[in-house]
Amino acid sequence: MEWKISEAIDSLISILDYNDSLPATANDQARVVPYLVSGAGVGKSSAVKQACERSGRGLEILHLATYNPTQVGGDKIPNKDGTETNQTKPIFIKNIERMIAEGKKNGVVFLDELAQAITATLNVARPLILERKIGDWELPQGWQVVCAGNRLSDKAGVNALPSHVKEVLTYIPIAPDLEDTLGYFAQIGLDFKVSAYLRARPNFYYLNDPTQDVVYTPRAWEKAGHILKIKGLNKVTLMKTLAGTIGESATNDFIAFLKLIGSVPEFLDLDKLINNPDTATIPEKVDVLYALCGAISTKANEKNFDNIVKYISRFKEINKDEMAVVVIKDAIRRNPELLKNKAYKEWVRNSGRELIV
């Protein structure tokens, strides 16, 4: 049974809250240790970061695939007469102590790339996962462990987890979900053209093919949105840069889409369109309408939202009510204050209640 990213984030916060409610004397088995697992580029790491941001928790990330056992557990150093050894404090414990001093009393040690770590490192990390201890050191109360990794079937340098590690984890298998991804893109203000394209061409949203060097994934599309901001790239170098991020087939189709919407008059003056909601043209081509909806949502604010709602309400004329929902949802994701807007409330009351559910 697979999860959406949004479901995983909500559940992570609930699990972290539950773990924090346990007394210090609680049995180790009472604590739930989530293990997010999926193909590469779906957004596992981003989900953990978002969960920590939303819940005000600190975050210490350990990319276990790049760690040797002593980096996780610390070094054993003999005393002067060689009669006993002392364990050095791991650097991540020092980082946590610094964050606590700065006010982050609660937080997460995120063991990323768990299934790519060598067995020796996993053996050292196992007490940290189960008991929140690492040699002589223990995680402070309020700090806990979350893990993530790729699936063995994805051939991403993944090893089968030892049974003594698997048994202490609660698996959260994540599947890519387009609307979840587009909601995230809206929240971070990614270039609307990426979201518009993926709505128009969902078949280019996610490709899980370990035999290809470059594939399109949610992570790759996020990078593509940032690439569009780079100044100084001509058409050829832009195409090559995108191809190195999302692959040639997706790039060729994406560039064709950009050329299509670039020739549409409505995009030349969005303010004019918004200022004339009753008479502004509604594009006939669905691809163009997707892109226009994405562009309008980025312009939405308290002053013009009434006009935007008037314009998108006219989508009924072409039986595209669902596109009005696209504008509303993306606008609110970018600016949650619009939920209080009178025009939004009237739209929900009059025509949007059934559509937006």
# chains A, B, ... in the order shown; residues from 1 in each chain; ligands from 1

$ residues_around --residues "A:Lys240" --least-positions-apart "6" --cutoff "12 Å" --atoms "only C-alpha atoms" --output "list of chain:residue names"
A:Ala224, A:Ile227, A:Leu233, A:Asn234, A:Ile246, A:Gly247, A:Glu248, A:Ser249, A:Ala250, A:Thr251, A:Asn252, A:Ile255

$ write_last_selection --atoms "N, CA, C and O atoms" --output "tab-separated table (two decimals), in the first residue's frame"
chain	number	residue	atom	x	y	z
A	224	ALA	N	14.58	21.70	-13.23
A	224	ALA	CA	14.29	22.34	-14.52
A	224	ALA	C	13.67	23.72	-14.31
A	224	ALA	O	13.98	24.67	-15.04
A	227	ILE	N	16.40	26.03	-13.58
A	227	ILE	CA	17.23	26.27	-14.77
A	227	ILE	C	16.64	27.37	-15.64
A	227	ILE	O	17.36	28.16	-16.25
A	233	LEU	N	21.75	31.87	-20.94
A	233	LEU	CA	21.64	30.65	-21.73
A	233	LEU	C	20.89	30.97	-23.02
A	233	LEU	O	19.76	31.46	-22.97
A	234	ASN	N	21.50	30.68	-24.16
A	234	ASN	CA	20.76	30.84	-25.41
A	234	ASN	C	19.87	29.61	-25.62
A	234	ASN	O	19.86	28.69	-24.79
A	246	ILE	N	16.30	16.47	-17.43
A	246	ILE	CA	15.04	15.72	-17.58
A	246	ILE	C	15.05	14.77	-18.77
A	246	ILE	O	14.05	14.07	-19.00
A	247	GLY	N	16.16	14.73	-19.51
A	247	GLY	CA	16.24	13.84	-20.66
A	247	GLY	C	15.83	14.52	-21.96
A	247	GLY	O	15.13	15.54	-21.94
A	248	GLU	N	16.24	13.96	-23.07
A	248	GLU	CA	16.02	14.59	-24.37
A	248	GLU	C	14.55	14.58	-24.80
A	248	GLU	O	14.05	15.58	-25.31
A	249	SER	N	13.87	13.48	-24.60
A	249	SER	CA	12.48	13.40	-25.07
A	249	SER	C	11.59	14.40	-24.33
A	249	SER	O	10.78	15.11	-24.95
A	250	ALA	N	11.73	14.48	-23.01
A	250	ALA	CA	10.95	15.45	-22.24
A	250	ALA	C	11.34	16.87	-22.60
A	250	ALA	O	10.48	17.76	-22.69
A	251	THR	N	12.63	17.11	-22.83
A	251	THR	CA	13.09	18.45	-23.18
A	251	THR	C	12.50	18.91	-24.51
A	251	THR	O	12.01	20.04	-24.63
A	252	ASN	N	12.54	18.06	-25.50
A	252	ASN	CA	12.00	18.43	-26.81
A	252	ASN	C	10.52	18.78	-26.72
A	252	ASN	O	10.06	19.76	-27.32
A	255	ILE	N	10.12	22.17	-24.66
A	255	ILE	CA	10.48	23.33	-25.46
A	255	ILE	C	9.38	23.65	-26.47
A	255	ILE	O	9.04	24.82	-26.70

$ select_by_dssp --residues "stretch 15-180 of chain A" --states "strand (DSSP E or B)" --output "JSON, numbers by chain"
{"A": [34, 35, 36, 37, 38, 58, 59, 60, 61, 62, 63, 76, 77, 78, 85, 86, 87, 107, 108, 109, 110, 111, 112, 133, 134, 137, 138, 143, 144, 145, 146, 147, 148, 149, 150, 170, 171, 172, 173, 174]}

$ write_last_selection --atoms "C-alpha atoms" --output "PDB file, in the first residue's frame"
ATOM      1  CA  PRO A  34       9.474   5.725  10.003  1.00  0.00           C
ATOM      2  CA  TYR A  35      11.329   4.466   6.935  1.00  0.00           C
ATOM      3  CA  LEU A  36      10.373   6.305   3.754  1.00  0.00           C
ATOM      4  CA  VAL A  37      11.128   4.203   0.697  1.00  0.00           C
ATOM      5  CA  SER A  38      10.566   4.865  -3.012  1.00  0.00           C
ATOM      6  CA  GLY A  58      15.460  20.828  14.099  1.00  0.00           C
ATOM      7  CA  LEU A  59      16.973  18.567  11.442  1.00  0.00           C
ATOM      8  CA  GLU A  60      20.342  16.811  11.303  1.00  0.00           C
ATOM      9  CA  ILE A  61      20.921  14.853   8.087  1.00  0.00           C
ATOM     10  CA  LEU A  62      23.298  11.904   7.851  1.00  0.00           C
ATOM     11  CA  HIS A  63      23.820  10.619   4.313  1.00  0.00           C
ATOM     12  CA  LYS A  76      37.605   4.613  20.195  1.00  0.00           C
ATOM     13  CA  ILE A  77      40.679   6.270  21.725  1.00  0.00           C
ATOM     14  CA  PRO A  78      42.762   4.500  24.407  1.00  0.00           C
ATOM     15  CA  THR A  85      39.178   3.343  25.706  1.00  0.00           C
ATOM     16  CA  ASN A  86      36.976   6.378  25.430  1.00  0.00           C
ATOM     17  CA  GLN A  87      34.569   7.045  22.607  1.00  0.00           C
ATOM     18  CA  GLY A 107      14.261  17.495  16.235  1.00  0.00           C
ATOM     19  CA  VAL A 108      15.033  14.663  13.849  1.00  0.00           C
ATOM     20  CA  VAL A 109      18.204  12.778  13.006  1.00  0.00           C
ATOM     21  CA  PHE A 110      17.512  11.860   9.402  1.00  0.00           C
ATOM     22  CA  LEU A 111      19.365   8.756   8.233  1.00  0.00           C
ATOM     23  CA  ASP A 112      19.121   9.209   4.469  1.00  0.00           C
ATOM     24  CA  LYS A 133      21.945   5.522  21.499  1.00  0.00           C
ATOM     25  CA  ILE A 134      25.301   5.465  19.779  1.00  0.00           C
ATOM     26  CA  TRP A 137      26.168   8.844  23.628  1.00  0.00           C
ATOM     27  CA  GLU A 138      22.395   9.144  23.649  1.00  0.00           C
ATOM     28  CA  TRP A 143      15.178  14.159  19.325  1.00  0.00           C
ATOM     29  CA  GLN A 144      14.374  11.032  17.322  1.00  0.00           C
ATOM     30  CA  VAL A 145      15.284   9.103  14.184  1.00  0.00           C
ATOM     31  CA  VAL A 146      13.668   9.008  10.728  1.00  0.00           C
ATOM     32  CA  CYS A 147      15.101   6.935   7.845  1.00  0.00           C
ATOM     33  CA  ALA A 148      14.762   6.914   4.071  1.00  0.00           C
ATOM     34  CA  GLY A 149      16.112   4.917   1.155  1.00  0.00           C
ATOM     35  CA  ASN A 150      15.543   3.686  -2.367  1.00  0.00           C
ATOM     36  CA  THR A 170       7.988   1.119  10.005  1.00  0.00           C
ATOM     37  CA  TYR A 171       7.905   1.147   6.197  1.00  0.00           C
ATOM     38  CA  ILE A 172       6.224   4.058   4.401  1.00  0.00           C
ATOM     39  CA  PRO A 173       6.391   3.260   0.648  1.00  0.00           C
ATOM     40  CA  ILE A 174       5.861   6.446  -1.367  1.00  0.00           C
TER      41      ILE A 174
END

$ closest_atom_pairs --of "stretch 209-266 of chain A" --to "stretch 277-284 of chain A" --cutoff "12 Å" --atoms "only C-alpha atoms" --output "tab-separated table"
residue	atom	partner	partner_atom	distance
A:Leu260	CA	A:Pro283	CA	12.0
A:Ile261	CA	A:Pro283	CA	10.3
A:Ser263	CA	A:Pro283	CA	11.9
A:Val264	CA	A:Pro283	CA	8.5
A:Pro265	CA	A:Thr281	CA	9.3
A:Glu266	CA	A:Thr281	CA	7.5

$ closest_residue --among "A:Val124, A:Thr119, A:Ser46, A:Val32" --to "A:Val72" --atoms "only C-alpha atoms"
A:Val124

$ residues_around --residues "A:Leu122" --least-positions-apart "4" --cutoff "10 Å" --atoms "only C-alpha atoms" --output "number ranges by chain"
A: 64-65, 67-69, 72, 114-118, 126-129, 161-162, 164-165

$ closest_residue --among "A:Arg151, A:Lys340, A:Arg219, A:Arg132" --to "A:Gly43" --atoms "only C-alpha atoms"
A:Arg219

$ residues_around --residues "A:Ile328" --least-positions-apart "6" --cutoff "12 Å" --atoms "only C-alpha atoms" --output "PyMOL selection string"
chain A and resi 183+186+293-301+305-306+308-313+321-322+334-336+338-339+341+343-345+347-348+352-353+355-356

$ select_by_dssp --residues "stretch 224-317 of chain A" --states "helix (DSSP H, G or I)" --output "count of residues only"
68

$ residues_around --residues "A:Leu198" --least-positions-apart "3" --cutoff "10 Å" --atoms "only C-alpha atoms" --output "PDB file with N, CA, C and O atoms, in the first residue's frame"
ATOM      1  N   LEU A 178       1.139  13.417  -9.038  1.00  0.00           N
ATOM      2  CA  LEU A 178       1.287  14.670  -9.776  1.00  0.00           C
ATOM      3  C   LEU A 178       0.734  15.858  -9.006  1.00  0.00           C
ATOM      4  O   LEU A 178       1.408  16.885  -8.878  1.00  0.00           O
ATOM      5  N   GLU A 179      -0.474  15.742  -8.480  1.00  0.00           N
ATOM      6  CA  GLU A 179      -1.074  16.890  -7.789  1.00  0.00           C
ATOM      7  C   GLU A 179      -0.295  17.257  -6.532  1.00  0.00           C
ATOM      8  O   GLU A 179      -0.160  18.429  -6.200  1.00  0.00           O
ATOM      9  N   THR A 181       2.924  16.894  -6.183  1.00  0.00           N
ATOM     10  CA  THR A 181       4.126  17.570  -6.668  1.00  0.00           C
ATOM     11  C   THR A 181       3.817  18.998  -7.094  1.00  0.00           C
ATOM     12  O   THR A 181       4.555  19.938  -6.756  1.00  0.00           O
ATOM     13  N   LEU A 182       2.717  19.196  -7.808  1.00  0.00           N
ATOM     14  CA  LEU A 182       2.364  20.535  -8.277  1.00  0.00           C
ATOM     15  C   LEU A 182       2.005  21.451  -7.107  1.00  0.00           C
ATOM     16  O   LEU A 182       2.285  22.653  -7.150  1.00  0.00           O
ATOM     17  N   LYS A 193       5.487  27.627 -15.600  1.00  0.00           N
ATOM     18  CA  LYS A 193       5.492  26.913 -16.876  1.00  0.00           C
ATOM     19  C   LYS A 193       5.744  25.418 -16.684  1.00  0.00           C
ATOM     20  O   LYS A 193       5.258  24.594 -17.462  1.00  0.00           O
ATOM     21  N   VAL A 194       6.498  25.059 -15.648  1.00  0.00           N
ATOM     22  CA  VAL A 194       6.747  23.639 -15.365  1.00  0.00           C
ATOM     23  C   VAL A 194       5.452  22.949 -14.946  1.00  0.00           C
ATOM     24  O   VAL A 194       5.092  21.884 -15.467  1.00  0.00           O
ATOM     25  N   SER A 195       4.718  23.550 -14.019  1.00  0.00           N
ATOM     26  CA  SER A 195       3.464  22.955 -13.555  1.00  0.00           C
ATOM     27  C   SER A 195       2.430  22.905 -14.672  1.00  0.00           C
ATOM     28  O   SER A 195       1.705  21.912 -14.825  1.00  0.00           O
ATOM     29  N   ARG A 201       0.860  17.567 -19.948  1.00  0.00           N
ATOM     30  CA  ARG A 201       1.573  16.379 -20.430  1.00  0.00           C
ATOM     31  C   ARG A 201       1.950  15.468 -19.252  1.00  0.00           C
ATOM     32  O   ARG A 201       3.119  15.273 -18.952  1.00  0.00           O
ATOM     33  N   PRO A 202       0.974  14.924 -18.538  1.00  0.00           N
ATOM     34  CA  PRO A 202       1.283  14.103 -17.358  1.00  0.00           C
ATOM     35  C   PRO A 202       2.109  12.856 -17.667  1.00  0.00           C
ATOM     36  O   PRO A 202       2.729  12.291 -16.765  1.00  0.00           O
ATOM     37  N   ASN A 203       2.138  12.440 -18.944  1.00  0.00           N
ATOM     38  CA  ASN A 203       2.936  11.264 -19.300  1.00  0.00           C
ATOM     39  C   ASN A 203       4.436  11.529 -19.190  1.00  0.00           C
ATOM     40  O   ASN A 203       5.252  10.599 -19.185  1.00  0.00           O
ATOM     41  N   PHE A 204       4.820  12.808 -19.080  1.00  0.00           N
ATOM     42  CA  PHE A 204       6.230  13.154 -18.888  1.00  0.00           C
ATOM     43  C   PHE A 204       6.535  13.530 -17.434  1.00  0.00           C
ATOM     44  O   PHE A 204       7.558  14.156 -17.160  1.00  0.00           O
ATOM     45  N   TYR A 205       5.666  13.159 -16.526  1.00  0.00           N
ATOM     46  CA  TYR A 205       5.853  13.525 -15.107  1.00  0.00           C
ATOM     47  C   TYR A 205       6.949  12.699 -14.429  1.00  0.00           C
ATOM     48  O   TYR A 205       7.827  13.247 -13.756  1.00  0.00           O
ATOM     49  N   TYR A 206       6.903  11.378 -14.589  1.00  0.00           N
ATOM     50  CA  TYR A 206       7.837  10.533 -13.840  1.00  0.00           C
ATOM     51  C   TYR A 206       8.208   9.296 -14.642  1.00  0.00           C
ATOM     52  O   TYR A 206       7.347   8.599 -15.170  1.00  0.00           O
ATOM     53  N   TRP A 221      12.256  17.791 -12.348  1.00  0.00           N
ATOM     54  CA  TRP A 221      11.428  18.906 -12.813  1.00  0.00           C
ATOM     55  C   TRP A 221      11.605  20.145 -11.939  1.00  0.00           C
ATOM     56  O   TRP A 221      11.545  21.284 -12.426  1.00  0.00           O
ATOM     57  N   PHE A 254       8.894  19.725 -23.941  1.00  0.00           N
ATOM     58  CA  PHE A 254       8.761  20.900 -23.074  1.00  0.00           C
ATOM     59  C   PHE A 254       9.065  22.180 -23.858  1.00  0.00           C
ATOM     60  O   PHE A 254       8.347  23.174 -23.756  1.00  0.00           O
ATOM     61  N   TYR A 290      -4.068  25.574 -19.882  1.00  0.00           N
ATOM     62  CA  TYR A 290      -3.312  25.114 -18.708  1.00  0.00           C
ATOM     63  C   TYR A 290      -2.233  26.125 -18.341  1.00  0.00           C
ATOM     64  O   TYR A 290      -2.059  26.494 -17.182  1.00  0.00           O
ATOM     65  N   ALA A 291      -1.482  26.550 -19.339  1.00  0.00           N
ATOM     66  CA  ALA A 291      -0.393  27.481 -19.092  1.00  0.00           C
ATOM     67  C   ALA A 291      -0.917  28.827 -18.612  1.00  0.00           C
ATOM     68  O   ALA A 291      -0.343  29.455 -17.708  1.00  0.00           O
TER      69      ALA A 291
END

$ atom_distance --atom1 "atom CA of A:Glu222" --atom2 "atom CA of A:Leu258"
16.4 Å

$ closest_residue --among "A:Ile96, A:Leu228, A:Ala24, A:Ile332" --to "A:Leu242" --atoms "only C-alpha atoms"
A:Leu228
